[in-house]
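Asks: Structure file structure.txt (compact mmCIF, C-alpha atoms) right here:
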# COMPACT_ATOMS: atom_id res chain seq x y z
CA MET A 5 0.10 -10.71 -200.87
CA PRO A 6 -3.60 -11.37 -200.00
CA PRO A 7 -6.24 -9.97 -202.38
CA LEU A 8 -7.62 -6.48 -201.69
CA MET A 9 -11.23 -6.14 -200.51
CA THR A 10 -13.60 -3.23 -201.02
CA VAL A 11 -17.31 -2.57 -200.46
CA THR A 12 -19.69 -1.62 -203.26
CA GLY A 13 -23.06 -0.74 -201.81
CA SER A 14 -23.90 -3.72 -199.63
CA THR A 15 -21.63 -6.12 -201.57
CA LEU A 16 -18.13 -7.16 -200.54
CA VAL A 17 -15.92 -7.28 -203.62
CA ILE A 18 -12.49 -8.96 -203.79
CA ALA A 19 -10.38 -6.83 -206.07
CA PRO A 20 -7.22 -8.07 -207.81
CA ALA A 21 -3.95 -6.82 -206.43
CA PRO A 22 -2.17 -4.10 -208.37
CA HIS A 23 0.01 -5.43 -211.15
CA HIS A 24 3.25 -4.38 -209.47
CA LEU A 25 2.33 -6.41 -206.39
CA HIS A 26 1.98 -9.73 -208.23
CA ARG A 27 4.63 -12.23 -207.23
CA HIS A 28 5.52 -15.14 -209.46
CA PRO A 29 6.85 -18.12 -207.52
CA ARG A 30 10.39 -19.02 -208.45
CA ALA A 31 10.59 -22.22 -210.46
CA GLN A 32 12.06 -25.03 -208.39
CA GLY A 33 14.75 -27.31 -209.70
CA PRO A 34 14.35 -31.10 -209.57
CA TYR A 35 16.41 -31.45 -206.39
CA ALA A 36 14.51 -28.68 -204.59
CA ARG A 37 11.26 -30.43 -205.48
CA LEU A 38 12.74 -33.74 -204.35
CA PHE A 39 13.58 -32.53 -200.86
CA ALA A 40 10.30 -30.65 -200.50
CA HIS A 41 8.69 -33.99 -199.60
CA PRO A 42 8.13 -34.20 -195.83
CA GLY A 43 10.76 -36.18 -193.95
CA THR A 44 13.19 -36.54 -196.84
CA ARG A 45 15.79 -34.10 -195.49
CA ALA A 46 15.93 -35.82 -192.11
CA PHE A 47 16.35 -39.35 -193.44
CA THR A 48 18.88 -38.12 -196.00
CA ALA A 49 20.95 -36.52 -193.23
CA GLY A 50 20.97 -39.82 -191.35
CA ASN A 51 21.72 -41.68 -194.56
CA LEU A 52 24.79 -39.54 -195.32
CA LEU A 53 26.09 -39.81 -191.75
CA ALA A 54 25.77 -43.59 -191.82
CA ARG A 55 27.10 -43.90 -195.36
CA LEU A 56 30.36 -41.97 -194.88
CA PRO A 57 31.84 -44.77 -192.69
CA MET A 58 31.45 -47.20 -195.61
CA GLY A 59 34.47 -45.51 -197.16
CA MET A 60 36.32 -45.36 -193.83
CA PHE A 61 36.23 -48.84 -192.31
CA GLY A 62 38.56 -50.63 -194.74
CA ILE A 63 41.44 -48.16 -194.79
CA SER A 64 41.05 -47.51 -191.04
CA ALA A 65 41.40 -51.24 -190.30
CA VAL A 66 44.43 -51.56 -192.59
CA MET A 67 46.22 -48.56 -191.06
CA MET A 68 45.38 -49.62 -187.50
CA ILE A 69 46.39 -53.28 -187.88
CA ALA A 70 49.49 -52.58 -189.98
CA GLY A 71 50.57 -49.82 -187.62
CA GLN A 72 50.16 -51.90 -184.45
CA ARG A 73 51.11 -55.35 -185.77
CA GLY A 74 53.58 -54.30 -188.47
CA SER A 75 52.01 -56.55 -191.12
CA TYR A 76 50.15 -55.37 -194.19
CA ALA A 77 49.59 -59.01 -195.10
CA LEU A 78 47.62 -59.55 -191.88
CA ALA A 79 45.73 -56.29 -192.38
CA GLY A 80 44.81 -57.22 -195.93
CA ALA A 81 43.72 -60.71 -194.92
CA VAL A 82 41.48 -59.34 -192.16
CA THR A 83 39.75 -56.84 -194.46
CA ALA A 84 39.37 -59.45 -197.21
CA THR A 85 37.70 -61.78 -194.69
CA GLY A 86 35.34 -58.99 -193.73
CA MET A 87 34.43 -58.41 -197.38
CA ALA A 88 33.77 -62.12 -197.90
CA ALA A 89 31.59 -62.20 -194.78
CA THR A 90 29.67 -59.18 -196.02
CA ALA A 91 28.99 -60.88 -199.35
CA LEU A 92 27.41 -63.80 -197.45
CA VAL A 93 25.59 -61.94 -194.69
CA ALA A 94 24.39 -58.73 -196.37
CA PRO A 95 21.65 -60.31 -198.56
CA TRP A 96 20.20 -62.10 -195.51
CA THR A 97 20.21 -58.87 -193.49
CA ALA A 98 18.50 -57.10 -196.39
CA ARG A 99 15.87 -59.85 -196.62
CA LEU A 100 15.07 -59.39 -192.93
CA VAL A 101 14.84 -55.61 -193.46
CA ASP A 102 12.30 -56.14 -196.25
CA ARG A 103 10.33 -58.63 -194.18
CA TYR A 104 10.23 -56.93 -190.78
CA GLY A 105 10.90 -53.26 -191.53
CA GLN A 106 13.98 -51.04 -191.56
CA ALA A 107 13.97 -49.81 -187.97
CA ARG A 108 13.27 -53.22 -186.45
CA ILE A 109 16.23 -54.92 -188.15
CA ALA A 110 18.71 -52.17 -189.03
CA VAL A 111 19.23 -50.90 -185.47
CA PRO A 112 20.19 -54.25 -183.85
CA ALA A 113 22.22 -55.22 -186.94
CA THR A 114 24.12 -51.92 -186.66
CA LEU A 115 24.74 -52.47 -182.96
CA ILE A 116 26.32 -55.85 -183.72
CA ALA A 117 28.53 -54.25 -186.38
CA VAL A 118 29.58 -51.44 -184.03
CA LEU A 119 30.43 -53.95 -181.30
CA GLY A 120 32.52 -55.81 -183.88
CA SER A 121 34.46 -52.62 -184.62
CA VAL A 122 35.01 -51.93 -180.92
CA ALA A 123 36.13 -55.53 -180.41
CA LEU A 124 38.60 -55.13 -183.29
CA VAL A 125 40.10 -52.04 -181.67
CA ALA A 126 40.32 -53.80 -178.30
CA SER A 127 41.94 -56.88 -179.85
CA VAL A 128 44.54 -54.81 -181.65
CA ARG A 129 45.32 -52.74 -178.57
CA ALA A 130 45.58 -55.85 -176.35
CA HIS A 131 47.79 -57.69 -178.87
CA ALA A 132 45.24 -60.51 -178.84
CA PRO A 133 45.72 -63.57 -181.10
CA ALA A 134 45.26 -62.94 -184.81
CA TRP A 135 42.06 -64.99 -184.99
CA THR A 136 40.32 -62.41 -182.78
CA LEU A 137 40.94 -59.78 -185.45
CA PHE A 138 39.31 -61.95 -188.09
CA ALA A 139 36.33 -62.75 -185.85
CA SER A 140 35.82 -59.13 -184.82
CA TYR A 141 35.98 -57.72 -188.33
CA ALA A 142 33.70 -60.47 -189.65
CA ALA A 143 31.04 -59.29 -187.17
CA THR A 144 30.87 -55.97 -189.01
CA ALA A 145 29.30 -57.84 -191.94
CA THR A 146 25.90 -57.26 -190.32
CA THR A 147 26.12 -53.57 -191.28
CA PRO A 148 22.86 -52.84 -193.15
CA ASN A 149 22.97 -51.61 -196.72
CA ILE A 150 22.13 -47.99 -195.91
CA GLY A 151 22.23 -46.98 -199.57
CA GLY A 152 19.70 -49.69 -200.43
CA MET A 153 17.39 -48.69 -197.59
CA SER A 154 17.53 -45.05 -198.66
CA ARG A 155 16.76 -45.97 -202.26
CA ALA A 156 13.86 -48.11 -201.03
CA ARG A 157 12.43 -45.08 -199.22
CA TRP A 158 12.63 -42.95 -202.33
CA THR A 159 11.00 -45.70 -204.35
CA HIS A 160 8.15 -45.93 -201.83
CA LEU A 161 7.64 -42.16 -201.71
CA LEU A 162 7.95 -41.55 -205.47
CA ARG A 163 6.23 -44.66 -206.83
CA ASP A 164 3.87 -42.47 -208.90
CA SER A 165 6.54 -40.07 -210.21
CA PRO A 166 9.12 -41.72 -212.51
CA ALA A 167 10.94 -38.44 -213.24
CA ALA A 168 11.37 -37.61 -209.55
CA HIS A 169 12.45 -41.19 -208.87
CA HIS A 170 15.17 -40.86 -211.51
CA THR A 171 16.39 -37.67 -209.82
CA ALA A 172 16.43 -39.43 -206.44
CA MET A 173 18.43 -42.38 -207.77
CA SER A 174 20.92 -40.00 -209.36
CA PHE A 175 21.31 -38.20 -206.05
CA GLU A 176 21.91 -41.52 -204.28
CA GLN A 177 24.63 -42.46 -206.75
CA ALA A 178 26.28 -39.07 -206.29
CA ALA A 179 26.11 -39.58 -202.52
CA ASP A 180 27.82 -42.96 -202.93
CA GLU A 181 30.66 -41.37 -204.85
CA LEU A 182 30.99 -38.47 -202.42
CA CYS A 183 31.18 -40.72 -199.36
CA TYR A 184 33.61 -43.16 -200.95
CA MET A 185 35.74 -40.20 -202.02
CA LEU A 186 35.76 -38.44 -198.63
CA GLY A 187 35.72 -41.53 -196.41
CA PRO A 188 39.29 -42.72 -197.06
CA VAL A 189 40.61 -39.15 -196.77
CA VAL A 190 38.92 -38.65 -193.39
CA ALA A 191 40.03 -42.07 -192.16
CA ALA A 192 43.65 -41.59 -193.20
CA PHE A 193 43.76 -38.16 -191.55
CA LEU A 194 42.30 -39.45 -188.27
CA CYS A 195 44.60 -42.47 -188.11
CA SER A 196 47.66 -40.35 -188.88
CA ALA A 197 46.94 -37.12 -187.02
CA ALA A 198 45.22 -38.52 -183.92
CA PHE A 199 45.89 -42.19 -183.08
CA PRO A 200 45.72 -45.42 -185.12
CA GLU A 201 42.32 -46.47 -183.75
CA ALA A 202 40.68 -43.07 -184.34
CA GLY A 203 39.43 -43.91 -187.83
CA THR A 204 37.65 -47.10 -186.79
CA LEU A 205 36.12 -45.57 -183.65
CA THR A 206 34.92 -42.45 -185.48
CA ALA A 207 33.44 -44.54 -188.28
CA ALA A 208 31.58 -46.73 -185.78
CA ALA A 209 30.19 -43.67 -183.97
CA LEU A 210 29.04 -42.07 -187.23
CA LEU A 211 27.44 -45.31 -188.38
CA LEU A 212 25.44 -45.71 -185.17
CA ALA A 213 24.38 -42.04 -184.97
CA GLY A 214 23.41 -41.93 -188.64
CA MET A 215 21.46 -45.17 -188.49
CA LEU A 216 19.53 -44.06 -185.40
CA LEU A 217 18.60 -40.78 -187.11
CA PHE A 218 17.69 -42.56 -190.34
CA THR A 219 15.49 -45.21 -188.74
CA SER A 220 13.78 -42.69 -186.45
CA GLN A 221 12.06 -41.20 -189.52
CA ARG A 222 9.14 -43.64 -189.51
CA SER A 223 6.86 -41.60 -191.80
CA THR A 224 9.04 -42.26 -194.85
CA GLN A 225 9.77 -45.91 -194.06
CA PRO A 226 8.39 -48.38 -196.63
CA PRO A 227 5.98 -50.93 -195.16
CA ALA A 228 7.29 -54.34 -194.15
CA SER A 229 6.47 -57.21 -196.49
CA PRO A 230 5.11 -60.53 -195.24
CA PRO A 231 7.19 -63.67 -195.88
CA ARG A 232 4.87 -64.73 -198.69
CA ALA A 233 5.51 -61.58 -200.73
CA GLY A 234 7.49 -62.45 -203.85
CA GLY A 235 9.97 -65.22 -204.51
CA SER A 236 13.75 -65.18 -204.51
CA PRO A 237 15.06 -62.18 -206.44
CA LEU A 238 17.91 -64.16 -208.01
CA ARG A 239 15.92 -65.69 -210.84
CA SER A 240 14.33 -62.47 -212.03
CA LEU A 241 17.49 -60.41 -211.46
CA LEU A 242 20.08 -62.78 -212.90
CA PRO A 243 20.31 -61.05 -216.32
CA VAL A 244 20.97 -57.62 -214.82
CA LEU A 245 23.13 -58.95 -211.95
CA ALA A 246 25.44 -60.40 -214.59
CA LEU A 247 26.34 -56.80 -215.49
CA PHE A 248 27.33 -55.73 -211.99
CA ALA A 249 30.23 -58.15 -211.51
CA PRO A 250 32.23 -56.80 -214.51
CA LEU A 251 31.35 -53.27 -213.40
CA GLY A 252 32.91 -54.10 -210.03
CA LEU A 253 35.90 -55.58 -211.87
CA LEU A 254 36.25 -52.21 -213.60
CA PHE A 255 36.25 -50.27 -210.33
CA GLY A 256 38.66 -52.57 -208.50
CA SER A 257 41.18 -52.78 -211.32
CA MET A 258 41.07 -49.04 -212.03
CA GLU A 259 41.87 -48.11 -208.42
CA VAL A 260 44.80 -50.52 -208.03
CA THR A 261 46.24 -49.68 -211.45
CA SER A 262 45.99 -45.93 -210.82
CA ILE A 263 47.66 -46.21 -207.42
CA ALA A 264 50.52 -48.25 -208.89
CA HIS A 265 50.93 -45.96 -211.90
CA LEU A 266 50.90 -42.74 -209.89
CA ASP A 267 53.23 -44.21 -207.27
CA ALA A 268 55.67 -45.15 -210.01
CA ARG A 269 55.54 -41.53 -211.17
CA GLY A 270 56.62 -40.49 -207.66
CA LEU A 271 53.48 -38.51 -206.83
CA GLY A 272 53.42 -39.53 -203.17
CA ALA A 273 50.69 -37.75 -201.21
CA ALA A 274 49.30 -36.15 -204.38
CA THR A 275 48.18 -39.59 -205.56
CA GLY A 276 44.97 -39.29 -203.55
CA LEU A 277 44.12 -35.97 -205.17
CA VAL A 278 44.45 -37.39 -208.68
CA LEU A 279 42.41 -40.45 -207.74
CA ALA A 280 39.73 -38.19 -206.27
CA LEU A 281 39.14 -36.72 -209.73
CA GLN A 282 37.47 -39.94 -210.84
CA ALA A 283 35.08 -39.94 -207.89
CA ALA A 284 34.48 -36.19 -208.25
CA GLY A 285 33.63 -36.63 -211.92
CA SER A 286 31.19 -39.41 -211.09
CA CYS A 287 29.59 -37.37 -208.29
CA ALA A 288 29.10 -34.32 -210.53
CA ALA A 289 27.81 -36.43 -213.42
CA GLY A 290 25.38 -38.22 -211.09
CA LEU A 291 23.87 -34.92 -209.94
CA LEU A 292 23.66 -33.62 -213.51
CA TYR A 293 22.14 -36.87 -214.76
CA GLY A 294 19.30 -36.42 -212.27
CA THR A 295 18.20 -33.23 -214.06
CA VAL A 296 17.92 -34.73 -217.56
CA ARG A 297 15.93 -37.50 -219.19
CA PRO A 298 17.44 -40.92 -218.43
CA ARG A 299 19.27 -42.66 -221.26
CA SER A 300 19.08 -46.32 -222.22
CA LEU A 301 21.46 -48.74 -220.53
CA ARG A 302 22.96 -49.57 -223.92
CA THR A 303 23.85 -45.91 -224.53
CA CYS A 304 25.39 -45.61 -221.08
CA LEU A 305 27.49 -48.76 -221.55
CA ILE A 306 28.76 -47.63 -224.96
CA THR A 307 29.77 -44.28 -223.47
CA LEU A 308 31.42 -46.02 -220.52
CA THR A 309 33.40 -48.34 -222.78
CA ALA A 310 34.68 -45.40 -224.82
CA ALA A 311 35.53 -43.37 -221.70
CA LEU A 312 37.44 -46.22 -220.04
CA ALA A 313 39.80 -46.41 -223.00
CA LEU A 314 40.96 -42.86 -222.24
CA PRO A 315 43.06 -43.56 -219.11
CA TRP A 316 44.80 -46.41 -220.94
CA ALA A 317 45.68 -44.11 -223.84
CA ALA A 318 46.65 -41.21 -221.56
CA ALA A 319 48.90 -43.39 -219.38
CA ALA A 320 50.71 -44.60 -222.49
CA THR A 321 51.66 -41.00 -223.37
CA GLY A 322 53.29 -40.46 -219.97
CA SER A 323 51.45 -37.15 -219.51
CA LEU A 324 50.10 -36.67 -215.99
CA PRO A 325 47.66 -33.84 -216.92
CA LEU A 326 46.22 -36.03 -219.69
CA LEU A 327 45.80 -38.93 -217.27
CA ALA A 328 44.09 -36.69 -214.71
CA ALA A 329 41.67 -35.43 -217.36
CA ALA A 330 41.05 -38.99 -218.57
CA LEU A 331 40.25 -40.18 -215.03
CA LEU A 332 37.82 -37.29 -214.61
CA LEU A 333 36.02 -38.19 -217.86
CA ALA A 334 36.01 -41.89 -216.97
CA GLY A 335 34.40 -41.04 -213.64
CA MET A 336 31.75 -38.95 -215.37
CA ALA A 337 30.72 -41.97 -217.46
CA THR A 338 30.28 -44.31 -214.49
CA ALA A 339 27.48 -42.54 -212.58
CA PRO A 340 24.87 -42.57 -215.39
CA THR A 341 25.67 -46.23 -216.02
CA MET A 342 25.23 -47.16 -212.37
CA VAL A 343 22.01 -45.14 -212.00
CA THR A 344 20.51 -46.72 -215.11
CA ALA A 345 21.61 -50.26 -214.20
CA MET A 346 20.25 -49.88 -210.68
CA SER A 347 16.94 -48.65 -212.08
CA ARG A 348 16.65 -52.02 -213.83
CA VAL A 349 17.10 -53.72 -210.46
CA HIS A 350 14.20 -51.64 -209.16
CA ALA A 351 12.04 -52.59 -212.12
CA LEU A 352 12.78 -56.33 -211.95
CA ALA A 353 12.79 -56.79 -208.16
CA PRO A 354 9.96 -59.01 -206.87
CA GLU A 355 7.36 -57.24 -204.77
CA GLY A 356 8.54 -56.83 -201.20
CA ARG A 357 12.17 -57.70 -202.02
CA LEU A 358 13.58 -54.35 -203.15
CA ASN A 359 16.24 -53.92 -200.47
CA GLU A 360 17.38 -57.53 -200.86
CA SER A 361 17.54 -57.10 -204.63
CA MET A 362 19.69 -53.98 -204.40
CA THR A 363 21.95 -55.65 -201.85
CA LEU A 364 22.47 -58.55 -204.26
CA ALA A 365 23.59 -56.01 -206.86
CA VAL A 366 26.02 -54.47 -204.35
CA THR A 367 27.32 -57.96 -203.50
CA ALA A 368 27.98 -58.61 -207.19
CA ILE A 369 29.88 -55.32 -207.40
CA LEU A 370 31.97 -56.15 -204.32
CA THR A 371 32.83 -59.54 -205.80
CA GLY A 372 33.95 -57.85 -209.00
CA ILE A 373 35.97 -55.27 -207.08
CA ALA A 374 37.85 -58.00 -205.22
CA LEU A 375 38.59 -59.88 -208.46
CA GLY A 376 39.58 -56.69 -210.26
CA ALA A 377 41.95 -55.57 -207.52
CA ALA A 378 43.65 -58.98 -207.42
CA ALA A 379 43.94 -59.19 -211.22
CA ALA A 380 45.29 -55.66 -211.53
CA GLY A 381 47.85 -56.28 -208.79
CA SER A 382 49.11 -59.37 -210.60
CA LEU A 383 49.31 -57.52 -213.93
CA VAL A 384 51.21 -54.64 -212.33
CA ASP A 385 53.79 -57.06 -210.95
CA HIS A 386 54.27 -58.78 -214.31
CA LEU A 387 53.68 -56.02 -216.89
CA GLY A 388 54.42 -52.77 -215.08
CA PRO A 389 52.08 -49.96 -213.97
CA THR A 390 50.81 -48.76 -217.37
CA THR A 391 49.61 -51.77 -219.38
CA PRO A 392 47.09 -52.86 -216.68
CA TYR A 393 44.96 -49.83 -217.58
CA ALA A 394 43.73 -52.13 -220.35
CA LEU A 395 41.91 -54.18 -217.69
CA PRO A 396 39.21 -51.63 -216.73
CA ALA A 397 38.73 -50.85 -220.42
CA ALA A 398 38.30 -54.58 -221.11
CA ALA A 399 35.88 -54.88 -218.17
CA ALA A 400 33.70 -52.11 -219.62
CA ALA A 401 33.73 -53.82 -223.02
CA LEU A 402 32.83 -57.13 -221.34
CA THR A 403 29.86 -55.50 -219.61
CA LEU A 404 28.62 -54.20 -222.96
CA LEU A 405 29.15 -57.62 -224.56
CA ILE A 406 27.19 -59.36 -221.79
CA TYR A 407 24.39 -56.84 -222.15
CA GLN A 408 24.23 -57.34 -225.92
CA THR A 409 24.36 -61.13 -225.57
CA VAL A 410 21.57 -61.23 -223.00
CA ARG A 411 19.40 -58.93 -225.08
CA LEU A 412 19.92 -60.88 -228.29
CA SER A 413 19.10 -64.13 -226.50
CA GLY A 414 15.62 -62.77 -225.89
CA THR A 415 15.64 -63.99 -222.28
CA SER A 416 16.15 -60.65 -220.57
CA GLN A 417 13.84 -57.85 -219.59
CA VAL A 418 16.76 -55.44 -219.61
CA PRO A 419 15.96 -52.72 -222.19
Would you encode the structure as structure tokens?
Replies:
Amino acid sequence: MPPLMTVTGSTLVIAPAPHHLHRHPRAQGPYARLFAHPGTRAFTAGNLLARLPMGMFGISAVMMIAGQRGSYALAGAVTATGMAATALVAPWTARLVDRYGQARIAVPATLIAVLGSVALVASVRAHAPAWTLFASYAATATTPNIGGMSRARWTHLLRDSPAAHHTAMSFEQAADELCYMLGPVVAAFLCSAAFPEAGTLTAAALLLAGMLLFTSQRSTQPPASPPRAGGSPLRSLLPVLALFAPLGLLFGSMEVTSIAHLDARGLGAATGLVLALQAAGSCAAGLLYGTVRPRSLRTCLITLTAALALPWAAAATGSLPLLAAALLLAGMATAPTMVTAMSRVHALAPEGRLNESMTLAVTAILTGIALGAAAAGSLVDHLGPTTPYALPAAAAALTLLIYQTVRLSGTSQVP
């Protein structure tokens, strides 16, 4: 309410408002303050739209190819080729984004990826030769790292506010988990309830629409960096990148082992619901972590190692409720670890190479996921569906060991 005014003689006096009319502004939480920054809601909406397809493309391609060609081996080979192509192409795309700006590079790169998805659908529908499937899906490797670009925007906007930056990075990790949890569910529903190509086509449409909305928000876009800005990120990031590969190994082996174990228990369609607990736990923990003081990477890794032993122990008891609870707790330990590890990438990235640096971290994770999935599959075939739960626990312990070794060597800037 505006102050009250009165006149005393020839003097205008501003009187205080009555006590009962005073209004105390409600204290804002960290996320409310985060999205109070101009433009952040719009680019986040585009970011989420474009990020959801990241969890849809793989399972959509597998269901479409296997359904039309009758071969899971072919479907798996096509998606594996796409992942390998992404590992090679993504860092170069990210480097161009850093150098020339997000909108200038991300839009044409997304168009190429969308055309690759459409070509894949057309090739499957036309029963084209198998090599066309590989070529089409490989073209989707130009998909920009939308999560990295969003994190780069937050870093640019919040460069003078470490606490708000921590909240933003926690939100981004929670968004990752949410999209990778919902993406496969949406894709499977579309491919099953509509038609086999529906998942791929919907994902492509969401990717394009989200990227156009995201890149249209020019006010929050970080400035482009000239070619001379900074050197290759690999040298400065190598110590922390060494942690991301075993973390990926953890994720890949946990998913395959859980699917095999739950399938052996005869859960059927309920398998997805149990698996979603891990992602839900990570999503919730990521949001909570953004409201508290960040912990050291060592503390996070110790907690993660302890938490990853729980599914192994729970699976050995044969109790499904215990396993579900263990997966939930394991998921809750992953988000703080990923947020803290990624913050080290931010701190060590050369000037002007932030998006490229984060994409290198994602590439290391994808490499670990592929290795973990293959190793877990082999262990399931040879040892059954329970013992392989030791693999994600061992991967967490390996991550902690690498961290301790690098720190003790005195060659790392990782705190």
Asks: Quick check, in Å to one decimal: how far apart do atom CA of A:His386 and atom CA of A:Ala328 lie?
Replies: 24.3 Å
Asks: Would you compute the distance between atom CA of A:Val244 and atom CA of A:Leu38? Give it in Å to one decimal.
Replies: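 These two atoms are separated by 27.3 Å.
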Asks: When you count all atoms listed in the file, which of these residues is closest to A:Leu327: A:Ala283, A:Ala167, A:Leu266, A:Ala228?
Replies: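 Of A:Ala283, A:Ala167, A:Leu266, A:Ala228, the one nearest A:Leu327 is A:Leu266, counting all atoms listed in the file.
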Asks: With distances taken over all atoms listed in the file, which residue among A:Leu92, A:Ile63, A:Met185, A:Ala134 lies nearest A:Leu78?
Replies: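 Of A:Leu92, A:Ile63, A:Met185, A:Ala134, the one nearest A:Leu78, counting all atoms listed in the file, is A:Ala134.
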Asks: Which residues of stretch 211-263 of chain A have any atom within 8 Å of an atom in stretch 391-397 of chain A when counting only C-alpha atoms, and what is the closest pair of atoms for each, with the distance in Å to one decimal? Order the rows by chain and rising number and write it as a tab-separated table.
Replies:
residue	atom	partner	partner_atom	distance
A:Leu253	CA	A:Pro396	CA	7.1
A:Leu254	CA	A:Pro396	CA	4.3
A:Phe255	CA	A:Pro396	CA	7.2
A:Ser257	CA	A:Pro396	CA	5.9
A:Met258	CA	A:Pro396	CA	5.7
A:Thr261	CA	A:Pro392	CA	6.2
A:Ser262	CA	A:Tyr393	CA	7.9
Asks: For the selection just defined, write its residues with C-alpha atoms to a file, as a PDB file, in the frame of the given file.
Replies:
ATOM      1  CA  LEU A 253      35.900 -55.580-211.870  1.00  0.00           C
ATOM      2  CA  LEU A 254      36.250 -52.210-213.600  1.00  0.00           C
ATOM      3  CA  PHE A 255      36.250 -50.270-210.330  1.00  0.00           C
ATOM      4  CA  SER A 257      41.180 -52.780-211.320  1.00  0.00           C
ATOM      5  CA  MET A 258      41.070 -49.040-212.030  1.00  0.00           C
ATOM      6  CA  THR A 261      46.240 -49.680-211.450  1.00  0.00           C
ATOM      7  CA  SER A 262      45.990 -45.930-210.820  1.00  0.00           C
TER       8      SER A 262
END
Asks: Looking at only C-alpha atoms, which of A:Ile116, A:Ala380, A:Ala79, A:Met68 is the one that sits closest to A:Ala145?
Replies: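 For A:Ala145, the nearest of the candidates is A:Ile116.
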Asks: Pick out the closest residue to A:Asp102 from this set: A:Ala317, A:Ala156, A:Leu161, A:Ala378. Count only C-alpha atoms.
Replies: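 Comparing A:Ala317, A:Ala156, A:Leu161, A:Ala378 against A:Asp102, the winner is A:Ala156.
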